[in-house]
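Here is the structure we will look at, set down as structure tokens.
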Amino acid sequence: MKTVAVLVVLVVAAISAAPTLASDPDMLQDLCVADVSSEIKVNGFTCKPMASVTPNDFFFAGIAMPGATNNTYGSLVTAANVEKIPGLNTLGISMSRIDYAPGGLNPPHTHPRATEMVFVLYGELDVGFITTSNMLFSKHIKEGETFVFPRGLVHFQKNNMAKPAAVISAFNGQLPGTQSIALTLFTSSPPVPDHVLTQTFRVGTKEVEKIKSRLASKK
């Protein structure tokens, strides 16, 4: 009976602790401004000495203006994460701005370390995510509206309109990470073996090599 009681306590404790594991760990002091130049590697970044912390460690102007979308996908993501704002270290939040040309696409990708919520600054987008049971949840969103992409799930945004669009993305992680599905499979280093890709997508080696060559410059 004692063993059963101990197991019950452990299970309850694990369930109770689960919500606290859904994002970055809690901070243990007022500030821990990231020392991005430190050679010491930890889960996150080591802290700068308080004497060297300045207001600029908490400031970033990079998402104030639209980004250039004259590229193959017609979109540009400008990240405002801990690598750009050292003061975000241990705070468990970050942002991005995404700009879309008419017809622009933010192709299917995942964020392995954070949930994402987008707010439409202007324009309209078709957005969606796919669950692990292969269900697509999609929506057409416009200025002032929001949409959530759960952590780790494949998702996308597409501007099917004739006008530009832009969103602000919020994340519950200081460095969400981004893994593009196409680039991950076709431009990894070392490369994924061709026989894996041909069998997965049921195409020939020539088709795989053609896709690789087209994506190589998009890395």
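By convention here, the chains of the structure tokens are called A, B, ... in the order presented, each chain's residues are numbered starting at 1, and ligands are numbered starting at 1 in the order presented.
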* Asked: What residues in range 47-219 of chain A get the DSSP label helix (DSSP H, G or I)? Please answer as JSON, numbers by chain.
  -> {"A": [50, 51, 52, 55, 56, 57, 58, 86, 87, 88, 181, 182, 183, 184, 185, 186, 194, 195, 196, 197, 198, 199, 200, 201, 205, 206, 207, 208, 209, 210, 211, 212, 213, 214, 215, 216, 217, 218]}
* Asked: Could you pull out all residues of range 15-194 of chain A with a DSSP call of strand (DSSP E) and give them as a ChimeraX atom specification?
  -> /A:75-80,94-100,105-110,116-122,124-130,136-142,146-149,154-158,165-171,179-180
* Asked: Which residue gives the smallest distance to Gly152 in chain A among A:Pro49, A:Pro108, A:Pro66, A:Pro102, with only C-alpha atoms counted?
  -> A:Pro108
* Long-range neighbours of Pro107 in chain A as a PyMOL selection string, 9 Å cut-off, only C-alpha atoms, 5 positions minimum in chain -> chain A and resi 73+155-158+180-182
* To do: Select, from A:Leu185, A:His195, A:Val77, A:Thr178, the residue with the minimum atom-to-atom distance to Ile211 in chain A, counting only C-alpha atoms.
  =>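 Result for the nearest residue to Ile211 in chain A: A:Leu185.
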* **Residue nearest Thr78 in chain A among A:Val203, A:Ile63, A:Ala216, A:Ala101 (counting only C-alpha atoms)** =>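 Nearest candidate to Thr78 in chain A out of A:Val203, A:Ile63, A:Ala216, A:Ala101: A:Ile63.
Within the 7 Å cut-off around Asn159 in chain A, using only C-alpha atoms and omitting residues fewer than 6 positions from it on the same chain, the listed residues are Tyr100, Pro102, Gly103, Gly104, Leu105, Glu124, Leu125, Asp126 and Ala165 of chain A.
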Since we have the selection now, will you write its residues out, keeping N, CA and C atoms, as a tab-separated table (two decimals), in the first residue's frame?
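Resulting contents of out_9.tsv:
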chain	number	residue	atom	x	y	z
A	100	TYR	N	4.51	40.08	-46.02
A	100	TYR	CA	4.14	39.26	-47.17
A	100	TYR	C	3.85	40.16	-48.37
A	102	PRO	N	2.09	40.55	-52.15
A	102	PRO	CA	0.92	39.90	-52.74
A	102	PRO	C	1.29	38.51	-53.26
A	103	GLY	N	0.56	37.51	-52.82
A	103	GLY	CA	0.89	36.13	-53.21
A	103	GLY	C	2.00	35.50	-52.38
A	104	GLY	N	2.52	36.23	-51.39
A	104	GLY	CA	3.64	35.74	-50.60
A	104	GLY	C	3.26	34.58	-49.67
A	105	LEU	N	4.23	33.75	-49.39
A	105	LEU	CA	4.03	32.56	-48.58
A	105	LEU	C	5.09	32.45	-47.50
A	124	GLU	N	-4.70	40.61	-45.45
A	124	GLU	CA	-5.45	39.40	-45.15
A	124	GLU	C	-4.59	38.18	-45.49
A	125	LEU	N	-4.78	37.09	-44.72
A	125	LEU	CA	-3.97	35.89	-44.88
A	125	LEU	C	-4.83	34.63	-44.75
A	126	ASP	N	-4.41	33.59	-45.45
A	126	ASP	CA	-4.94	32.26	-45.22
A	126	ASP	C	-3.89	31.52	-44.39
A	165	ALA	N	0.66	42.29	-46.89
A	165	ALA	CA	0.13	42.00	-45.57
A	165	ALA	C	1.29	41.90	-44.58
* Asked: Out of A:Pro193, A:Val148, A:Gly128, A:Val33, which residue has the shortest atom-to-atom distance to Ala51 in chain A when counting only C-alpha atoms?
  ->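 Among A:Pro193, A:Val148, A:Gly128, A:Val33, it is A:Val33 that comes nearest to Ala51 in chain A.
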